[in-house]
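The data block below is data.cif; it holds mmCIF, C-alpha atoms.
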```cif
data_protein
loop_
_atom_site.label_atom_id
_atom_site.label_comp_id
_atom_site.auth_asym_id
_atom_site.auth_seq_id
_atom_site.Cartn_x
_atom_site.Cartn_y
_atom_site.Cartn_z
CA MET A 1 49.63 19.66 -34.28
CA ILE A 2 48.02 19.50 -30.91
CA GLN A 3 45.47 16.73 -30.85
CA PRO A 4 42.12 17.62 -29.27
CA HIS A 5 41.53 15.93 -25.99
CA PHE A 6 38.10 14.44 -25.37
CA ARG A 7 37.15 13.59 -21.85
CA VAL A 8 35.05 10.46 -21.82
CA ALA A 9 32.52 10.22 -19.02
CA LYS A 10 32.87 7.12 -16.89
CA LEU A 11 29.90 4.88 -17.56
CA GLN A 12 28.15 2.73 -15.02
CA PRO A 13 28.77 -0.99 -15.55
CA VAL A 14 25.95 -2.94 -17.19
CA PRO A 15 23.73 -4.39 -14.44
CA LYS A 16 23.81 -8.16 -14.06
CA ILE A 17 20.24 -8.18 -12.75
CA THR A 18 17.71 -8.58 -15.55
CA LEU A 19 14.13 -7.34 -15.89
CA LYS A 20 13.02 -10.95 -16.18
CA GLN A 21 14.53 -11.74 -12.78
CA LEU A 22 12.81 -8.72 -11.24
CA ALA A 23 9.48 -9.72 -12.81
CA VAL A 24 9.85 -13.25 -11.42
CA PHE A 25 10.67 -11.94 -7.94
CA VAL A 26 7.73 -9.49 -7.93
CA SER A 27 5.35 -12.20 -9.13
CA ILE A 28 6.48 -14.68 -6.46
CA TYR A 29 6.29 -11.96 -3.78
CA GLN A 30 2.72 -11.10 -4.77
CA LEU A 31 1.43 -14.63 -5.46
CA GLY A 32 3.33 -16.59 -2.81
CA SER A 33 4.75 -19.45 -4.87
CA THR A 34 6.85 -20.27 -7.92
CA SER A 35 4.03 -22.35 -9.43
CA ARG A 36 1.55 -19.45 -9.39
CA ALA A 37 4.25 -17.09 -10.69
CA SER A 38 5.06 -19.45 -13.57
CA ILE A 39 1.38 -19.44 -14.64
CA ALA A 40 1.11 -15.65 -14.36
CA LEU A 41 4.32 -15.08 -16.35
CA ASN A 42 3.75 -17.94 -18.81
CA LEU A 43 7.12 -19.48 -17.90
CA SER A 44 8.05 -22.98 -16.81
CA GLN A 45 8.38 -23.50 -13.07
CA SER A 46 12.02 -24.48 -13.50
CA ALA A 47 12.70 -21.19 -15.34
CA VAL A 48 11.06 -19.24 -12.53
CA SER A 49 13.02 -21.09 -9.84
CA SER A 50 16.27 -20.62 -11.78
CA ALA A 51 15.66 -16.87 -12.23
CA LEU A 52 14.99 -16.45 -8.51
CA MET A 53 18.08 -18.43 -7.55
CA THR A 54 20.28 -16.39 -9.93
CA LEU A 55 18.86 -13.14 -8.58
CA GLU A 56 19.56 -14.12 -4.97
CA GLU A 57 23.12 -15.11 -5.94
CA ARG A 58 23.74 -11.77 -7.63
CA LEU A 59 22.31 -9.86 -4.69
CA GLN A 60 24.18 -12.11 -2.27
CA MET A 61 21.13 -12.11 -0.03
CA PRO A 62 18.06 -14.31 0.44
CA LEU A 63 14.73 -12.92 -0.73
CA PHE A 64 12.53 -15.72 0.60
CA GLU A 65 12.65 -18.17 3.49
CA ARG A 66 11.88 -21.68 2.32
CA VAL A 67 9.67 -23.68 4.68
CA GLY A 68 8.83 -26.94 2.96
CA ARG A 69 7.27 -25.90 -0.34
CA ALA A 70 6.21 -22.51 0.98
CA LEU A 71 8.12 -19.33 0.20
CA ASN A 72 7.84 -16.64 2.87
CA PRO A 73 9.30 -13.19 2.07
CA HIS A 74 12.54 -12.49 3.91
CA PRO A 75 12.40 -9.33 6.13
CA SER A 76 14.73 -7.60 3.66
CA ALA A 77 12.55 -8.43 0.66
CA ARG A 78 9.90 -5.72 1.09
CA ALA A 79 12.28 -2.81 0.39
CA PHE A 80 13.64 -4.66 -2.65
CA PHE A 81 10.08 -5.38 -3.82
CA ILE A 82 9.24 -1.64 -3.84
CA GLN A 83 12.35 -0.81 -5.87
CA ALA A 84 11.70 -3.70 -8.28
CA GLN A 85 8.11 -2.51 -8.82
CA ALA A 86 9.36 0.98 -9.65
CA ILE A 87 11.94 -0.30 -12.16
CA LEU A 88 9.40 -2.58 -13.88
CA GLY A 89 6.88 0.26 -14.03
CA GLN A 90 9.40 2.51 -15.76
CA ALA A 91 10.35 -0.30 -18.16
CA HIS A 92 6.68 -0.83 -19.09
CA SER A 93 6.25 2.91 -19.66
CA LEU A 94 9.23 2.95 -22.03
CA GLU A 95 8.03 -0.17 -23.82
CA HIS A 96 4.56 1.21 -24.50
CA TYR A 97 5.40 4.88 -24.86
CA TYR A 98 5.03 5.09 -28.63
CA GLN A 99 2.44 2.31 -28.96
CA HIS A 100 0.11 4.07 -26.50
CA LYS A 101 1.01 7.76 -26.50
CA ALA A 102 -1.76 8.57 -24.06
CA GLY A 103 -0.22 6.03 -21.69
CA GLN A 104 -1.56 4.17 -18.70
CA LEU A 105 -2.50 5.54 -15.31
CA THR A 106 -3.83 3.96 -12.13
CA ILE A 107 -5.61 6.51 -9.97
CA GLY A 108 -6.53 5.94 -6.34
CA ALA A 109 -9.19 7.89 -4.48
CA SER A 110 -10.64 7.82 -1.00
CA THR A 111 -14.38 7.14 -0.91
CA THR A 112 -15.83 10.66 -0.85
CA ILE A 113 -13.50 11.96 -3.56
CA GLY A 114 -13.95 8.80 -5.65
CA ASN A 115 -17.74 9.04 -5.59
CA TYR A 116 -18.29 12.80 -5.83
CA VAL A 117 -15.21 14.49 -7.35
CA LEU A 118 -13.18 12.00 -9.40
CA PRO A 119 -15.83 11.35 -12.12
CA ALA A 120 -15.63 14.99 -13.32
CA LEU A 121 -11.82 14.84 -13.29
CA LEU A 122 -11.85 11.63 -15.34
CA ALA A 123 -14.28 13.12 -17.86
CA LYS A 124 -11.92 16.06 -18.38
CA LEU A 125 -8.88 13.76 -18.67
CA TYR A 126 -10.62 11.59 -21.29
CA GLN A 127 -11.59 14.76 -23.15
CA ASP A 128 -7.91 15.67 -23.44
CA LEU A 129 -6.62 12.10 -23.92
CA PRO A 130 -9.42 9.91 -25.38
CA ASP A 131 -7.09 6.91 -25.81
CA ALA A 132 -5.85 6.93 -22.22
CA ASP A 133 -5.84 3.61 -20.39
CA ILE A 134 -7.04 4.50 -16.88
CA LYS A 135 -7.70 2.23 -13.91
CA VAL A 136 -9.35 3.42 -10.69
CA PHE A 137 -9.07 2.12 -7.13
CA ILE A 138 -11.52 3.51 -4.55
CA ALA A 139 -11.28 2.69 -0.83
CA ASN A 140 -10.73 4.54 2.44
CA THR A 141 -7.67 6.77 2.84
CA GLN A 142 -5.60 4.22 4.74
CA GLU A 143 -6.17 1.49 2.14
CA VAL A 144 -5.45 3.83 -0.79
CA VAL A 145 -2.19 5.12 0.74
CA GLY A 146 -1.19 1.50 1.40
CA GLU A 147 -1.57 0.76 -2.32
CA VAL A 148 0.53 3.85 -3.13
CA GLU A 149 3.25 2.50 -0.82
CA GLN A 150 3.21 -0.80 -2.73
CA LEU A 151 3.48 1.08 -6.06
CA ASN A 152 0.16 -0.36 -7.22
CA ILE A 153 -1.25 3.18 -7.68
CA ASP A 154 0.40 5.96 -9.71
CA ILE A 155 -1.28 8.90 -7.98
CA ALA A 156 -4.02 9.19 -5.36
CA LEU A 157 -6.48 11.78 -4.09
CA VAL A 158 -7.28 11.31 -0.41
CA GLU A 159 -9.15 13.14 2.34
CA GLY A 160 -6.87 12.25 5.25
CA MET A 161 -3.27 13.28 5.77
CA PRO A 162 -0.88 10.31 5.23
CA ARG A 163 0.64 9.03 8.46
CA PRO A 164 4.07 10.48 9.41
CA GLU A 165 5.76 7.08 9.09
CA GLU A 166 4.83 7.01 5.39
CA GLY A 167 6.88 10.14 4.72
CA HIS A 168 10.02 8.26 3.68
CA ALA A 169 8.27 6.68 0.68
CA VAL A 170 5.28 8.91 -0.07
CA GLU A 171 5.18 12.40 -1.50
CA ARG A 172 2.14 14.45 -0.46
CA ARG A 173 0.79 17.83 -1.49
CA ALA A 174 -2.23 19.73 -0.14
CA TRP A 175 -4.76 20.02 -2.94
CA ARG A 176 -7.98 21.77 -1.84
CA THR A 177 -10.04 22.42 1.26
CA ASP A 178 -13.29 20.80 2.32
CA ASP A 179 -15.67 21.13 5.28
CA LEU A 180 -17.25 18.36 7.29
CA VAL A 181 -20.83 18.99 8.33
CA LEU A 182 -22.94 17.67 11.19
CA PHE A 183 -26.50 17.08 9.98
CA ALA A 184 -29.86 15.71 11.03
CA LYS A 185 -33.40 15.06 9.85
CA PRO A 186 -35.38 18.37 10.04
CA ASP A 187 -37.87 17.08 12.62
CA SER A 188 -35.36 14.84 14.42
CA GLN A 189 -35.91 13.84 18.03
CA TRP A 190 -32.19 14.57 18.57
CA LEU A 191 -32.66 18.31 17.98
CA LYS A 192 -34.77 18.91 21.08
CA ASN A 193 -31.77 20.49 22.86
CA ALA A 194 -30.78 22.62 19.84
CA HIS A 195 -32.13 25.99 18.72
CA TYR A 196 -32.88 26.98 15.15
CA GLU A 197 -30.96 29.89 13.63
CA GLU A 198 -33.03 31.68 10.99
CA ILE A 199 -30.12 33.53 9.35
CA SER A 200 -28.02 30.43 8.62
CA GLY A 201 -30.95 28.02 8.31
CA SER A 202 -29.22 25.58 10.66
CA TYR A 203 -29.55 24.27 14.20
CA VAL A 204 -27.04 25.21 16.90
CA MET A 205 -26.16 22.71 19.63
CA GLU A 206 -23.83 22.80 22.62
CA LYS A 207 -21.02 20.26 22.96
CA ALA A 208 -22.56 18.65 26.03
CA ALA A 209 -25.86 18.14 24.18
CA LEU A 210 -24.11 16.64 21.12
CA ALA A 211 -22.30 14.17 23.38
CA GLN A 212 -25.69 12.73 24.41
CA VAL A 213 -26.76 12.06 20.80
CA PRO A 214 -25.93 8.95 18.71
CA LEU A 215 -23.24 10.16 16.29
CA LEU A 216 -23.02 8.35 12.93
CA VAL A 217 -19.48 8.54 11.50
CA ARG A 218 -17.22 6.83 8.99
CA GLU A 219 -14.99 3.90 9.95
CA MET A 220 -11.42 4.05 11.27
CA GLY A 221 -8.95 4.49 8.41
CA SER A 222 -11.14 6.92 6.45
CA GLY A 223 -10.02 10.51 5.96
CA THR A 224 -13.38 11.78 7.24
CA ARG A 225 -12.97 9.81 10.47
CA GLN A 226 -9.45 11.16 10.95
CA ILE A 227 -10.78 14.74 11.09
CA ILE A 228 -13.71 13.73 13.31
CA ASP A 229 -11.29 12.12 15.78
CA GLU A 230 -8.83 15.04 15.74
CA GLN A 231 -11.15 18.05 15.57
CA LEU A 232 -14.49 16.93 17.01
CA LEU A 233 -14.25 13.98 19.38
CA LYS A 234 -11.32 15.47 21.31
CA GLN A 235 -13.65 18.29 22.35
CA LEU A 236 -16.48 16.01 23.45
CA PRO A 237 -16.77 13.89 26.62
CA ASP A 238 -15.44 10.33 26.41
CA SER A 239 -18.97 9.01 26.81
CA VAL A 240 -20.03 10.08 23.29
CA ASN A 241 -22.16 7.42 21.55
CA LEU A 242 -20.47 6.54 18.22
CA MET A 243 -21.70 4.30 15.42
CA ALA A 244 -19.01 3.64 12.77
CA ILE A 245 -20.32 2.96 9.25
CA GLN A 246 -18.31 2.28 6.08
CA GLN A 247 -20.57 3.93 3.50
CA SER A 248 -21.59 7.60 3.31
CA GLU A 249 -24.94 6.73 1.70
CA ALA A 250 -25.73 4.41 4.62
CA ILE A 251 -25.01 7.24 7.07
CA LYS A 252 -27.37 9.56 5.17
CA ASN A 253 -30.14 6.95 5.13
CA MET A 254 -29.72 6.22 8.84
CA VAL A 255 -29.96 9.93 9.64
CA LEU A 256 -33.14 10.11 7.55
CA ALA A 257 -34.45 7.21 9.65
CA ASP A 258 -33.63 9.36 12.72
CA ILE A 259 -31.13 6.93 14.22
CA GLY A 260 -28.80 9.80 15.11
CA ILE A 261 -26.86 12.82 13.83
CA GLY A 262 -24.39 12.26 11.00
CA CYS A 263 -21.07 13.83 10.06
CA LEU A 264 -19.88 13.82 6.44
CA SER A 265 -18.22 16.04 3.85
CA GLN A 266 -20.46 18.89 2.74
CA ILE A 267 -20.05 17.76 -0.86
CA VAL A 268 -21.85 14.50 0.03
CA ILE A 269 -24.98 16.16 1.42
CA ASP A 270 -25.13 19.45 -0.52
CA SER A 271 -28.20 18.47 -2.56
CA GLU A 272 -30.09 17.21 0.53
CA LEU A 273 -29.30 20.41 2.44
CA GLU A 274 -30.45 22.54 -0.49
CA ALA A 275 -33.70 20.54 -0.76
CA GLU A 276 -34.12 20.79 3.04
CA ILE A 277 -34.30 17.01 3.30
CA LEU A 278 -31.47 17.34 5.83
CA VAL A 279 -30.48 20.26 8.05
CA GLN A 280 -27.04 21.35 9.22
CA VAL A 281 -26.15 21.21 12.91
CA LYS A 282 -23.50 23.64 14.14
CA VAL A 283 -21.55 23.35 17.39
CA SER A 284 -19.95 26.42 18.95
CA ASN A 285 -16.15 26.71 18.63
CA ILE A 286 -15.73 23.55 16.55
CA ASP A 287 -14.14 23.90 13.11
CA LEU A 288 -14.32 20.84 10.85
CA ALA A 289 -12.39 22.26 7.87
CA ARG A 290 -9.73 20.00 6.36
CA SER A 291 -7.36 19.65 3.40
CA TRP A 292 -7.54 17.05 0.67
CA TRP A 293 -4.20 15.59 -0.42
CA LEU A 294 -2.46 14.46 -3.58
CA VAL A 295 -0.26 11.45 -2.83
CA TRP A 296 2.27 9.46 -4.87
CA HIS A 297 5.30 7.25 -4.29
CA LYS A 298 8.65 9.00 -4.61
CA ALA A 299 9.94 6.17 -6.82
CA ARG A 300 6.96 6.26 -9.20
CA HIS A 301 7.76 7.10 -12.83
CA GLN A 302 6.05 10.40 -13.66
CA SER A 303 4.86 9.81 -17.23
CA PRO A 304 3.28 12.49 -19.47
CA ILE A 305 -0.25 11.30 -18.59
CA TRP A 306 0.70 11.37 -14.88
CA GLN A 307 1.82 14.99 -15.24
CA ARG A 308 -1.30 15.91 -17.24
CA PHE A 309 -3.56 14.50 -14.52
CA LEU A 310 -1.59 16.35 -11.83
CA ASP A 311 -1.90 19.62 -13.78
CA LEU A 312 -5.61 19.04 -14.24
CA VAL A 313 -6.24 18.37 -10.56
CA GLN A 314 -4.35 21.49 -9.52
CA SER A 315 -5.96 23.74 -12.13
CA ASP A 316 -9.20 25.69 -11.98
CA GLU A 317 -10.54 24.05 -15.12
CA LEU A 318 -13.31 22.12 -13.39
#
```

Once you've parsed the file, please lay out its structure as structure tokens.
Amino acid sequence: MIQPHFRVAKLQPVPKITLKQLAVFVSIYQLGSTSRASIALNLSQSAVSSALMTLEERLQMPLFERVGRALNPHPSARAFFIQAQAILGQAHSLEHYYQHKAGQLTIGASTTIGNYVLPALLAKLYQDLPDADIKVFIANTQEVVGEVEQLNIDIALVEGMPRPEEGHAVERRAWRTDDLVLFAKPDSQWLKNAHYEEISGSYVMEKAALAQVPLLVREMGSGTRQIIDEQLLKQLPDSVNLMAIQQSEAIKNMVLADIGIGCLSQIVIDSELEAEILVQVKVSNIDLARSWWLVWHKARHQSPIWQRFLDLVQSDEL
């Protein structure tokens, strides 16, 4: 009788690196010392030091440079830190998958999206998954993308396009379009060189006239500022008078105080435009349309709640 032949797949050897060692390394990297890591992990300092030493031996590479009692990350440690974060994140997802079926999700959002769009998305997500454990981080685009790079955020919604150098680690997808709007107080002193357009209910100003007006804009690093720099300021003289402000509400209030003309997302000032508290200012041949972006790290574990949030954002349910 011919015996059946079974081909056994070659298995990968069992890794010698443990999750405990990775957790110790990540904690030391983030906190800067073995003593702080031991407190955070509820381990003895000797156990933390031993785990780090064993990990470095198995990797056959140093992860920290020891200067006295200080531990400074070795240049090669950052790439390893990102991979270790991803592995630990996946391990935590597996560990809690059945205990918390809704799962955990950390969402990042740039300021405009976080204040004006994300709340409705979260309400819908909680409607679908009432037991979901969701954390939110809101900052400007540059700061949010930085947290995505460090694997501290699962998925982010940002107004600015991630920098090209982030492409190796970050996945990005255009999500929806948005328009930036120049606006002023209806009786503003800065509209003396503009003419009112009855049909559109807005003022029209030439580029040269706009360049002579104080322009209130968001700070460097914000997605709104990125579009202003690329699509507005490049078409104005270098002498333009800029005032950079971190908060959209502050810009609105300063425009109402007639300090200058502001530039923000239309979603931020829609209600004020409708109530005629503010008026739109248009400039010939300048288009301030932009895309909003979905951003996540390529190594991030895409859990069921992650996928549900992605589907929700990309749907027309809102």

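Proximity to Lys207 (chain A) was assessed for A:Gln247, A:Asn285, A:Ser222, A:Thr177 counting only C-alpha atoms; the smallest distance is recorded for A:Asn285.
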
- Message: So that I can check the surroundings of region 43-45 of chain A, please list as a list of chain:residue names every protein, DNA and RNA residue that reaches within 12 Å of it, counting only C-alpha atoms and ignoring chain neighbours fewer than 6 positions away.
- Response: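 Near neighbours after the sequence-gap exclusion: A:Lys20, A:Gln21, A:Ala23, A:Val24, A:Ser27, A:Ile28, A:Ser33, A:Thr34, A:Ser35, A:Arg36, A:Ala37, A:Ala51, A:Leu52.
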
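For the pair CA of Glu249 (chain A) and CA of Leu182 (chain A), the separation is 14.6 Å.
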
- Selection under test: the PyMOL selection byres ((chain A and resi 147) around 12); residues as a PyMOL selection string: chain A and resi 82+106-110+136-146+148-156+166+169-170+295-297

Which residues, written as a PDB file with C-alpha atoms, keeping the file's coordinate frame, have at least one atom at most 12 Å from Pro15 (chain A), with all atoms listed in the file counted and residues fewer than 5 positions away on the same chain left out?
```pdb
ATOM      1  CA  GLN A  21      14.530 -11.740 -12.780  1.00  0.00           C
ATOM      2  CA  LEU A  55      18.860 -13.140  -8.580  1.00  0.00           C
ATOM      3  CA  ARG A  58      23.740 -11.770  -7.630  1.00  0.00           C
ATOM      4  CA  LEU A  59      22.310  -9.860  -4.690  1.00  0.00           C
TER       5      LEU A  59
END
```

- Message: Ranking A:Leu256, A:His74, A:Ala208, A:Val26 by minimum distance to Gln189 (chain A) and counting only C-alpha atoms, which one comes first?
- Response: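 With only C-alpha atoms as the atom set, the closest residue is A:Leu256.
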